[in-house]
$ cat model.tsv   # TSV, C-alpha atoms
chain	number	residue	atom	x	y	z
A	1	MET	CA	57.11	41.20	29.19
A	2	SER	CA	53.91	39.11	29.12
A	3	ALA	CA	55.49	36.39	31.27
A	4	TYR	CA	56.71	39.05	33.71
A	5	LEU	CA	53.26	40.63	33.95
A	6	MET	CA	51.66	37.21	34.50
A	7	ASP	CA	54.13	36.44	37.31
A	8	LEU	CA	53.53	39.84	38.91
A	9	THR	CA	49.74	39.38	38.69
A	10	ASN	CA	49.99	35.93	40.26
A	11	LEU	CA	52.18	37.27	43.06
A	12	LEU	CA	49.88	40.17	43.96
A	13	LEU	CA	46.71	38.07	43.72
A	14	ARG	CA	48.27	35.34	45.85
A	15	TRP	CA	49.34	37.87	48.47
A	16	LEU	CA	45.84	39.39	48.60
A	17	HIS	CA	44.30	35.92	48.79
A	18	VAL	CA	46.54	34.87	51.68
A	19	ILE	CA	45.94	38.12	53.60
A	20	ALA	CA	42.16	37.83	53.24
A	21	ALA	CA	42.20	34.11	54.08
A	22	ILE	CA	44.25	34.66	57.24
A	23	ALA	CA	41.82	37.36	58.36
A	24	TRP	CA	38.73	35.25	57.58
A	25	VAL	CA	39.98	31.98	59.01
A	26	GLY	CA	41.45	33.70	62.07
A	27	GLU	CA	38.20	35.46	62.86
A	28	SER	CA	36.19	32.30	62.23
A	29	ILE	CA	38.38	30.20	64.52
A	30	TYR	CA	38.22	32.91	67.19
A	31	PHE	CA	34.41	33.05	67.21
A	32	VAL	CA	34.11	29.25	67.30
A	33	MET	CA	36.49	29.24	70.28
A	34	LEU	CA	34.48	32.03	71.92
A	35	ASP	CA	31.16	30.26	71.35
A	36	ASN	CA	32.47	27.04	72.88
A	37	SER	CA	34.17	28.75	75.83
A	38	LEU	CA	31.19	30.70	77.15
A	39	LYS	CA	30.11	30.17	80.77
A	40	LYS	CA	26.76	30.98	82.34
A	41	PRO	CA	26.72	34.63	83.46
A	42	GLN	CA	27.31	35.15	87.17
A	43	ALA	CA	25.36	38.38	87.56
A	44	GLU	CA	21.58	38.13	87.86
A	45	ALA	CA	21.29	41.47	86.06
A	46	ASP	CA	23.03	39.99	83.00
A	47	ARG	CA	20.81	36.90	83.00
A	48	SER	CA	17.69	39.04	83.22
A	49	LYS	CA	18.85	41.01	80.16
A	50	GLY	CA	19.08	37.80	78.09
A	51	VAL	CA	22.82	37.13	78.37
A	52	ALA	CA	23.23	33.39	77.72
A	53	GLY	CA	26.99	33.16	78.16
A	54	GLU	CA	30.12	35.16	78.88
A	55	MET	CA	33.88	34.81	78.78
A	56	TRP	CA	36.63	36.79	80.48
A	57	ALA	CA	39.98	36.92	78.71
A	58	VAL	CA	43.30	38.71	78.91
A	59	HIS	CA	45.31	39.62	75.82
A	60	GLY	CA	47.91	42.20	74.91
A	61	GLY	CA	47.93	43.80	78.34
A	62	GLY	CA	44.15	44.29	78.54
A	63	PHE	CA	41.13	42.45	79.93
A	64	TYR	CA	38.10	41.58	77.81
A	65	HIS	CA	34.56	40.64	78.81
A	66	ASN	CA	32.59	38.99	75.98
A	67	GLN	CA	28.87	38.33	76.32
A	68	LYS	CA	26.48	36.43	74.06
A	69	TYR	CA	22.75	37.19	73.93
A	70	GLN	CA	20.54	34.22	73.17
A	71	THR	CA	17.55	36.52	72.69
A	72	SER	CA	17.30	40.14	71.61
A	73	PRO	CA	19.48	42.57	73.59
A	74	GLU	CA	17.81	45.69	74.91
A	75	LYS	CA	19.38	47.84	72.21
A	76	LEU	CA	21.53	47.16	69.17
A	77	PRO	CA	24.38	49.62	68.55
A	78	ASP	CA	24.63	51.43	65.25
A	79	ASP	CA	28.21	50.22	64.73
A	80	LEU	CA	27.38	46.50	64.89
A	81	HIS	CA	30.31	44.44	63.57
A	82	TRP	CA	29.62	42.19	60.57
A	83	SER	CA	31.87	39.40	59.33
A	84	PHE	CA	31.56	38.91	55.60
A	85	TRP	CA	33.98	41.00	53.52
A	86	LYS	CA	36.92	38.84	54.51
A	87	SER	CA	35.06	35.80	53.19
A	88	TYR	CA	34.09	37.45	49.92
A	89	THR	CA	37.57	38.88	49.35
A	90	THR	CA	39.13	35.47	49.97
A	91	TRP	CA	36.90	33.75	47.42
A	92	LEU	CA	37.06	36.49	44.78
A	93	SER	CA	40.86	36.78	44.96
A	94	GLY	CA	41.19	32.98	44.94
A	95	PHE	CA	38.94	32.67	41.89
A	96	ALA	CA	40.89	35.42	40.11
A	97	LEU	CA	44.12	33.57	40.90
A	98	PHE	CA	42.61	30.31	39.62
A	99	CYS	CA	41.65	32.06	36.37
A	100	ALA	CA	45.11	33.57	35.96
A	101	MET	CA	47.04	30.40	36.78
A	102	TYR	CA	44.84	27.59	35.44
A	103	LEU	CA	41.90	28.70	33.32
A	104	SER	CA	44.12	30.97	31.20
A	105	ASN	CA	46.10	27.95	29.97
A	106	PRO	CA	43.93	24.86	30.48
A	107	ALA	CA	45.80	22.67	27.99
A	108	MET	CA	48.91	22.90	30.13
A	109	ASN	CA	47.45	23.17	33.63
A	110	LEU	CA	44.09	21.34	33.66
A	111	VAL	CA	44.24	18.54	31.11
A	112	ASN	CA	45.93	15.31	32.16
A	113	PRO	CA	47.20	13.45	29.06
A	114	SER	CA	47.84	10.39	31.24
A	115	ALA	CA	44.29	10.27	32.64
A	116	GLY	CA	42.89	6.76	32.84
A	117	TRP	CA	39.62	7.95	31.33
A	118	ALA	CA	40.23	8.48	27.62
A	119	TRP	CA	37.76	11.34	27.26
A	120	ALA	CA	39.43	13.24	30.12
A	121	ALA	CA	42.86	12.84	28.53
A	122	LYS	CA	41.53	14.30	25.27
A	123	MET	CA	39.55	17.24	26.65
A	124	SER	CA	39.77	20.47	24.67
A	125	SER	CA	40.66	23.69	26.44
A	126	GLY	CA	37.03	24.78	26.46
A	127	GLU	CA	35.86	21.45	27.86
A	128	ALA	CA	38.51	21.56	30.60
A	129	VAL	CA	37.44	25.07	31.67
A	130	PHE	CA	33.77	24.03	31.65
A	131	MET	CA	34.50	20.96	33.79
A	132	ALA	CA	36.53	23.02	36.29
A	133	LEU	CA	33.72	25.57	36.69
A	134	LEU	CA	31.17	22.75	36.90
A	135	PHE	CA	33.04	21.31	39.88
A	136	LEU	CA	33.16	24.66	41.69
A	137	PHE	CA	29.55	25.73	41.24
A	138	GLY	CA	28.02	22.27	40.89
A	139	GLY	CA	29.72	21.27	44.14
A	140	TRP	CA	27.99	24.13	45.96
A	141	LEU	CA	24.59	23.20	44.45
A	142	VAL	CA	24.93	19.57	45.53
A	143	TYR	CA	26.16	20.50	49.02
A	144	ASN	CA	23.39	23.07	49.50
A	145	ARG	CA	20.79	20.54	48.33
A	146	LEU	CA	22.07	17.98	50.82
A	147	CYS	CA	21.68	20.50	53.64
A	148	LYS	CA	18.11	21.30	52.62
A	149	LEU	CA	17.05	17.68	52.13
A	150	ILE	CA	18.72	15.97	55.08
A	151	SER	CA	18.60	18.57	57.84
A	152	PRO	CA	16.30	21.47	56.89
A	153	ASN	CA	15.47	22.22	60.54
A	154	MET	CA	18.99	21.44	61.84
A	155	THR	CA	17.77	18.29	63.60
A	156	ARG	CA	19.82	15.71	61.69
A	157	ASP	CA	23.19	17.40	61.41
A	158	GLY	CA	25.07	14.18	62.24
A	159	LEU	CA	23.59	12.43	59.20
A	160	LEU	CA	24.24	15.54	57.13
A	161	SER	CA	27.92	15.48	58.14
A	162	VAL	CA	28.21	11.90	56.86
A	163	ALA	CA	26.55	12.88	53.57
A	164	VAL	CA	28.93	15.83	53.10
A	165	ALA	CA	31.91	13.56	53.83
A	166	VAL	CA	30.69	11.09	51.17
A	167	MET	CA	30.27	13.99	48.76
A	168	MET	CA	33.89	15.07	49.29
A	169	VAL	CA	35.10	11.50	48.72
A	170	ALA	CA	33.25	11.52	45.39
A	171	VAL	CA	34.62	14.97	44.48
A	172	SER	CA	38.18	13.81	45.28
A	173	PHE	CA	37.84	10.64	43.20
A	174	LEU	CA	36.35	12.42	40.18
A	175	ALA	CA	38.70	15.42	40.23
A	176	THR	CA	41.86	13.30	40.38
A	177	HIS	CA	40.63	11.10	37.53
A	178	ILE	CA	39.68	14.04	35.30
A	179	PHE	CA	42.22	16.82	35.87
A	180	ALA	CA	45.99	17.06	36.07
A	181	GLY	CA	47.14	16.24	39.60
A	182	LYS	CA	48.07	19.73	40.77
A	183	ALA	CA	44.86	21.22	39.41
A	184	ALA	CA	42.80	18.33	40.82
A	185	PHE	CA	43.85	18.98	44.43
A	186	LEU	CA	43.31	22.71	43.98
A	187	ILE	CA	39.82	22.10	42.57
A	188	ILE	CA	38.91	19.82	45.49
A	189	GLY	CA	39.90	22.61	47.87
A	190	ALA	CA	38.11	25.20	45.73
A	191	VAL	CA	34.86	23.21	45.93
A	192	MET	CA	35.05	23.33	49.74
A	193	ALA	CA	36.09	27.01	49.75
A	194	THR	CA	33.20	27.89	47.42
A	195	CYS	CA	30.78	26.15	49.78
A	196	MET	CA	32.26	28.09	52.70
A	197	SER	CA	31.95	31.50	51.08
A	198	ALA	CA	28.52	30.69	49.61
A	199	ASN	CA	27.36	29.69	53.11
A	200	VAL	CA	28.26	33.17	54.26
A	201	PHE	CA	26.70	34.92	51.25
A	202	PHE	CA	23.46	32.95	50.89
A	203	TRP	CA	22.67	31.84	54.43
A	204	ILE	CA	24.68	33.27	57.32
A	205	ILE	CA	24.60	36.99	56.45
A	206	PRO	CA	20.99	37.08	55.09
A	207	GLY	CA	19.81	35.27	58.23
A	208	GLN	CA	21.67	37.70	60.45
A	209	ARG	CA	20.20	40.66	58.54
A	210	ARG	CA	16.68	39.28	59.07
A	211	MET	CA	17.40	38.83	62.78
A	212	VAL	CA	18.68	42.41	63.11
A	213	ALA	CA	15.70	43.78	61.18
A	214	ALA	CA	13.29	41.90	63.44
A	215	MET	CA	14.99	43.19	66.58
A	216	LYS	CA	14.89	46.79	65.36
A	217	ALA	CA	11.20	46.36	64.56
A	218	GLY	CA	10.54	45.11	68.10
A	219	GLU	CA	9.77	41.58	66.87
A	220	ALA	CA	11.20	38.22	67.92
A	221	PRO	CA	13.76	36.88	65.41
A	222	ASN	CA	13.05	33.59	63.67
A	223	PRO	CA	15.09	31.02	65.65
A	224	LEU	CA	15.70	29.02	62.46
A	225	ASP	CA	17.85	31.86	61.10
A	226	GLY	CA	20.19	31.54	64.07
A	227	LYS	CA	20.24	27.75	63.94
A	228	ARG	CA	20.86	27.65	60.20
A	229	GLY	CA	23.64	30.21	60.45
A	230	LYS	CA	25.24	28.15	63.22
A	231	GLN	CA	24.93	24.96	61.12
A	232	ARG	CA	26.68	26.47	58.10
A	233	SER	CA	29.28	28.15	60.31
A	234	VAL	CA	30.10	24.78	61.89
A	235	HIS	CA	30.53	23.25	58.43
A	236	ASN	CA	32.91	26.07	57.52
A	237	THR	CA	34.93	25.31	60.64
A	238	TYR	CA	35.55	21.71	59.61
A	239	PHE	CA	36.33	22.69	56.02
A	240	THR	CA	39.03	25.15	57.11
A	241	LEU	CA	42.09	22.93	57.72
A	242	PRO	CA	41.46	20.63	54.71
A	243	VAL	CA	41.16	23.67	52.44
A	244	VAL	CA	44.42	25.13	53.76
A	245	PHE	CA	46.20	21.83	53.00
A	246	LEU	CA	44.70	21.51	49.51
A	247	MET	CA	45.70	25.08	48.63
A	248	LEU	CA	49.28	24.38	49.71
A	249	SER	CA	49.48	20.96	48.05
A	250	ASN	CA	50.38	22.29	44.60
A	251	HIS	CA	53.93	22.77	45.92
A	252	TYR	CA	54.24	19.06	46.76
A	253	ALA	CA	53.98	16.65	43.85
A	254	VAL	CA	54.48	13.75	46.27
A	255	THR	CA	50.76	14.10	47.15
A	256	TYR	CA	48.92	14.95	43.94
A	257	GLY	CA	51.31	12.91	41.78
A	258	ALA	CA	50.86	9.64	43.68
A	259	GLU	CA	48.97	6.70	42.20
A	260	TRP	CA	46.35	6.87	44.97
A	261	SER	CA	46.12	10.66	44.94
A	262	TRP	CA	42.32	10.72	45.42
A	263	LEU	CA	42.63	8.67	48.61
A	264	ILE	CA	45.50	10.84	49.85
A	265	ALA	CA	43.28	13.91	49.40
A	266	VAL	CA	40.45	12.18	51.31
A	267	LEU	CA	42.76	11.18	54.16
A	268	PHE	CA	44.06	14.74	54.52
A	269	ILE	CA	40.47	16.07	54.51
A	270	PHE	CA	39.48	13.66	57.28
A	271	ALA	CA	42.68	14.38	59.22
A	272	GLY	CA	42.09	18.14	59.04
A	273	ALA	CA	38.48	17.80	60.18
A	274	ALA	CA	39.47	15.52	63.08
A	275	ILE	CA	42.23	17.85	64.27
A	276	ARG	CA	39.83	20.80	64.08
A	277	GLN	CA	37.31	18.81	66.13
A	278	PHE	CA	39.92	18.30	68.85
A	279	PHE	CA	40.25	22.08	69.28
A	280	VAL	CA	36.46	22.54	69.22
A	281	VAL	CA	35.92	20.10	72.11
A	282	MET	CA	39.00	21.45	73.91
A	283	HIS	CA	37.36	24.87	74.02
A	284	GLN	CA	34.32	23.17	75.56
A	285	GLY	CA	36.55	22.11	78.44
A	286	LYS	CA	37.27	18.58	77.20
A	287	LYS	CA	40.37	16.96	75.79
A	288	GLN	CA	39.59	13.97	73.61
A	289	TYR	CA	42.90	12.87	72.10
A	290	GLY	CA	41.13	10.25	70.00
A	291	TYR	CA	40.62	12.95	67.36
A	292	TRP	CA	44.36	13.60	67.22
A	293	ALA	CA	44.99	9.84	67.04
A	294	PHE	CA	42.55	9.48	64.16
A	295	GLY	CA	44.13	12.42	62.35
A	296	ILE	CA	47.64	11.01	62.79
A	297	VAL	CA	46.53	7.59	61.51
A	298	CYS	CA	45.06	9.27	58.42
A	299	LEU	CA	48.33	11.15	57.82
A	300	LEU	CA	50.40	7.99	58.25
A	301	LEU	CA	48.22	6.15	55.74
A	302	ALA	CA	48.59	9.07	53.33
A	303	ALA	CA	52.37	8.95	53.76
A	304	LEU	CA	52.40	5.22	52.99
A	305	LEU	CA	50.31	5.72	49.86
A	306	ALA	CA	52.54	8.59	48.69
A	307	ALA	CA	55.82	6.70	49.27
A	308	PRO	CA	57.82	6.16	46.06
A	309	LYS	CA	57.51	2.76	44.44
A	310	LYS	CA	60.24	0.70	42.85
A	311	PRO	CA	60.73	2.07	39.32
A	312	ALA	CA	59.51	-0.07	36.45
A	313	GLU	CA	62.09	-1.54	34.16
A	314	SER	CA	62.39	0.10	30.77
A	315	PRO	CA	61.43	-2.05	27.77
A	316	GLY	CA	64.27	-4.33	26.76
A	317	ALA	CA	66.19	-3.78	30.00
A	318	THR	CA	67.69	-6.85	31.64
A	319	GLU	CA	69.72	-7.55	34.71
A	320	GLY	CA	72.89	-7.25	32.67
A	321	SER	CA	71.89	-4.07	30.87
A	322	PRO	CA	74.47	-1.27	31.02
A	323	ALA	CA	73.85	1.51	33.54
A	324	VAL	CA	72.05	4.60	32.32
A	325	SER	CA	74.53	7.40	31.73
A	326	ILE	CA	74.15	11.06	32.55
A	327	GLU	CA	74.53	11.77	28.82
A	328	GLN	CA	71.36	9.75	28.10
A	329	VAL	CA	69.45	11.62	30.81
A	330	LEU	CA	70.79	14.96	29.61
A	331	ALA	CA	69.60	14.25	26.06
A	332	ILE	CA	66.08	13.55	27.31
A	333	SER	CA	66.10	16.59	29.59
A	334	GLN	CA	67.23	18.95	26.86
A	335	GLN	CA	64.42	17.75	24.61
A	336	ARG	CA	61.60	17.39	27.13
A	337	CYS	CA	62.40	19.52	30.20
A	338	ALA	CA	64.82	22.34	29.47
A	339	VAL	CA	62.27	24.34	27.47
A	340	CYS	CA	60.91	25.43	30.86
A	341	HIS	CA	63.69	24.51	33.29
A	342	ALA	CA	66.23	26.89	31.80
A	343	ALA	CA	67.84	30.18	32.70
A	344	GLN	CA	65.68	31.69	29.92
A	345	PRO	CA	62.53	29.53	29.63
A	346	ASP	CA	60.59	29.31	26.38
A	347	ARG	CA	58.02	32.10	26.85
A	348	GLN	CA	55.22	30.16	25.11
A	349	PHE	CA	54.83	28.20	28.36
A	350	GLY	CA	54.34	31.39	30.39
A	351	PHE	CA	57.37	31.15	32.69
A	352	ALA	CA	59.66	34.13	33.30
A	353	ALA	CA	61.97	31.95	35.41
A	354	PRO	CA	62.55	28.19	35.69
A	355	PRO	CA	59.70	26.48	37.64
A	356	LEU	CA	60.67	25.64	41.22
A	357	GLY	CA	63.97	27.42	40.56
A	358	MET	CA	65.19	24.17	38.96
A	359	LYS	CA	67.42	24.40	35.87
A	360	LEU	CA	68.01	21.22	33.85
A	361	GLU	CA	70.21	22.40	30.97
A	362	THR	CA	73.50	20.79	32.00
A	363	ALA	CA	74.65	17.51	33.52
A	364	GLU	CA	75.69	19.28	36.71
A	365	GLU	CA	72.30	20.97	37.09
A	366	ILE	CA	70.54	17.63	36.61
A	367	ARG	CA	72.74	15.97	39.24
A	368	MET	CA	72.03	18.80	41.73
A	369	ALA	CA	68.26	18.35	41.29
A	370	ALA	CA	68.38	14.57	40.84
A	371	ASP	CA	65.95	13.49	43.59
A	372	LYS	CA	63.23	15.99	42.75
A	373	PHE	CA	63.81	15.57	39.01
A	374	LYS	CA	63.37	11.78	39.18
A	375	GLN	CA	60.34	12.06	41.46
A	376	ARG	CA	58.52	14.54	39.25
A	377	VAL	CA	59.23	12.50	36.11
A	378	ALA	CA	58.15	9.25	37.77
A	379	ASN	CA	54.81	10.57	39.02
A	380	HIS	CA	54.01	12.25	35.69
A	381	THR	CA	53.90	15.78	37.10
A	382	MET	CA	56.73	16.86	34.79
A	383	PRO	CA	56.66	17.96	32.03
A	384	ILE	CA	53.50	19.91	32.92
A	385	GLY	CA	50.63	18.46	30.92
A	386	ASN	CA	53.32	16.42	29.15
A	387	LEU	CA	53.32	19.14	26.51
A	388	THR	CA	56.75	18.07	25.25
A	389	GLY	CA	55.65	14.45	24.83
A	390	MET	CA	57.94	12.55	27.20
A	391	THR	CA	57.45	8.83	26.56
A	392	GLU	CA	57.04	6.05	29.11
A	393	GLU	CA	60.32	4.56	27.88
A	394	GLU	CA	62.10	7.84	28.65
A	395	ARG	CA	60.52	7.98	32.11
A	396	ALA	CA	61.59	4.42	32.85
A	397	LEU	CA	65.13	5.17	31.68
A	398	ILE	CA	65.36	8.22	33.99
A	399	ALA	CA	64.01	6.07	36.84
A	400	ARG	CA	66.86	3.55	36.30
A	401	TRP	CA	69.50	6.29	36.29
A	402	GLN	CA	71.64	6.30	39.42
A	403	PRO	CA	73.08	9.80	40.08
$ encode --input "model.tsv" --output "structure tokens"
Amino acid sequence: MSAYLMDLTNLLLRWLHVIAAIAWVGESIYFVMLDNSLKKPQAEADRSKGVAGEMWAVHGGGFYHNQKYQTSPEKLPDDLHWSFWKSYTTWLSGFALFCAMYLSNPAMNLVNPSAGWAWAAKMSSGEAVFMALLFLFGGWLVYNRLCKLISPNMTRDGLLSVAVAVMMVAVSFLATHIFAGKAAFLIIGAVMATCMSANVFFWIIPGQRRMVAAMKAGEAPNPLDGKRGKQRSVHNTYFTLPVVFLMLSNHYAVTYGAEWSWLIAVLFIFAGAAIRQFFVVMHQGKKQYGYWAFGIVCLLLAALLAAPKKPAESPGATEGSPAVSIEQVLAISQQRCAVCHAAQPDRQFGFAAPPLGMKLETAEEIRMAADKFKQRVANHTMPIGNLTGMTEEERALIARWQP
């Protein structure tokens, strides 16, 4: 029953998280498109009222006329639309899901027994949870400090963008060398997502509230509030596609399980930002395909780094060594893998059904899942956290097996 309840909780939290994220990201992308598509107003009456830009659009059988005021409009409506609950719901549901899926069982999901850094491989459950939370909240503190130090008046945003990119390279390198691969990619994305939601909570919405309060009091809003909100909103735009990839990556061990996983994460982050930039400039009336080209080059490099390598020979193996039999593989699988990948998984690992729908209890089941089985064993993403103690000799033997 406990495994069932955990699965049900994960499902409902994931559904809520995806719904909120779609709503937040969709609205964010729409407003960035709107902001970059505005034209100077044609009517003199609109210009005299402070309208800085407008856009006509048709959608769903109706026509829409959007206007942006650079200064205070004559009157603010009582039902002014605010965009923040989607952001908060996305982060809160995502954090709850992270707690349920990773922090609740850190020994299995966070700790990487094969980590190159000895202290990381031997982290206790408490240390692993502390490190994960340190990445999330420490990442926001570092990012926010960079914004304040480098471009406090929004005059050096280009240099700030470079600094944030360097920060994410460092986060990717550290996370993949400390945590288990699947958790590492998720934590990299969670650092960016935390920065996005914190931008809304600490800067964008408070600045907008101050602007509204000033307008209602008949005062001129502080222009820095608008500029700062725009700066953080732009950052959120470029974080969006990388975060979506990193949140999906836990389904694809070919990325987080690769030897150069930190560089693969970096390349996907840069590719996502470049592709997003293409759409930003396209909405400004330009089409600079160099951004697409850069993104595709990054993805090709990531694909090359993730490509499977020739398996290492098992100790004592020679050119004339006998072929590895299915019986040898089955014996290893039954000892190391079938505790989870079974019709009735061992409940101590928290699975109500075999992970990935893959059963490895019989020779036929192993043959049917051969490619994925060999890949996951080779890149050390199975067994999870190596809780069953699969040895390097056993991994090498499975790699030599020819289905």
$ residues_around --input "model.tsv" --residues "segment 192-195 of chain A" --least-positions-apart "2" --cutoff "7 Å" --atoms "all atoms listed in the file" --output "ChimeraX atom specification"
/A:91,136,140,188-190,197-199,239,243
$ atom_distance --input "model.tsv" --atom1 "atom CA of Ile326 of chain A" --atom2 "atom CA of Ala363 of chain A"
6.5 Å
$ closest_residue --input "model.tsv" --among "A:Gly126, A:Pro77, A:Gly94, A:Gly181" --to "Val254 of chain A" --atoms "all atoms listed in the file"
A:Gly181
$ atom_distance --input "model.tsv" --atom1 "atom CA of Leu387 of chain A" --atom2 "atom CA of Tyr102 of chain A"
14.9 Å
$ closest_atom_pairs --input "model.tsv" --of "segment 211-311 of chain A" --to "segment 4-18 of chain A" --cutoff "12 Å" --atoms "only C-alpha atoms" --output "CSV"
residue,atom,partner,partner_atom,distance
A:Val244,CA,A:Val18,CA,10.2
A:Met247,CA,A:Val18,CA,10.3
A:Leu248,CA,A:Val18,CA,11.0
$ closest_residue --input "model.tsv" --among "A:Gln335, A:Ser37, A:Thr240, A:Asn222" --to "Ala271 of chain A" --atoms "only C-alpha atoms"
A:Thr240
$ residues_around --input "model.tsv" --residues "Gly53 of chain A" --least-positions-apart "4" --cutoff "7 Å" --atoms "only C-alpha atoms" --output "list in words"
Leu38, Lys39, Lys40, Pro41, Gln67 and Lys68 of chain A
$ atom_distance --input "model.tsv" --atom1 "atom CA of Lys359 of chain A" --atom2 "atom CA of Ala342 of chain A"
4.9 Å
$ closest_residue --input "model.tsv" --among "A:Leu103, A:Ala184, A:Val377, A:Val164" --to "His235 of chain A" --atoms "all atoms listed in the file"
A:Val164
$ closest_residue --input "model.tsv" --among "A:Lys287, A:Pro152, A:Lys372, A:Glu327" --to "His251 of chain A" --atoms "all atoms listed in the file"
A:Lys372
$ closest_residue --input "model.tsv" --among "A:Ser172, A:Thr89, A:Ser72, A:Asn112" --to "Trp262 of chain A" --atoms "all atoms listed in the file"
A:Ser172
$ closest_residue --input "model.tsv" --among "A:Val51, A:Val324, A:Gln288, A:Met168" --to "Glu74 of chain A" --atoms "only C-alpha atoms"
A:Val51
$ residues_around --input "model.tsv" --residues "Arg395 of chain A" --least-positions-apart "6" --cutoff "9 Å" --atoms "all atoms listed in the file" --output "PyMOL selection string"
chain A and resi 314+374+377-378+380
$ residues_around --input "model.tsv" --residues "Phe351 of chain A" --least-positions-apart "4" --cutoff "10 Å" --atoms "only C-alpha atoms" --output "PyMOL selection string"
chain A and resi 2-4+6-7+339-342+344-347+355
$ write_last_selection --input "model.tsv" --atoms "C-alpha atoms" --output "short mmCIF file (atom, residue, chain, number, x, y, z; two decimals), in the frame of the given file"
data_model
loop_
_atom_site.label_atom_id
_atom_site.label_comp_id
_atom_site.auth_asym_id
_atom_site.auth_seq_id
_atom_site.Cartn_x
_atom_site.Cartn_y
_atom_site.Cartn_z
CA SER A 2 53.91 39.11 29.12
CA ALA A 3 55.49 36.39 31.27
CA TYR A 4 56.71 39.05 33.71
CA MET A 6 51.66 37.21 34.50
CA ASP A 7 54.13 36.44 37.31
CA VAL A 339 62.27 24.34 27.47
CA CYS A 340 60.91 25.43 30.86
CA HIS A 341 63.69 24.51 33.29
CA ALA A 342 66.23 26.89 31.80
CA GLN A 344 65.68 31.69 29.92
CA PRO A 345 62.53 29.53 29.63
CA ASP A 346 60.59 29.31 26.38
CA ARG A 347 58.02 32.10 26.85
CA PRO A 355 59.70 26.48 37.64
#
$ residues_around --input "model.tsv" --residues "Thr237 of chain A" --least-positions-apart "4" --cutoff "12 Å" --atoms "all atoms listed in the file" --output "PyMOL selection string"
chain A and resi 24-33+192-193+195-197+199+230-233+241-244+272-280
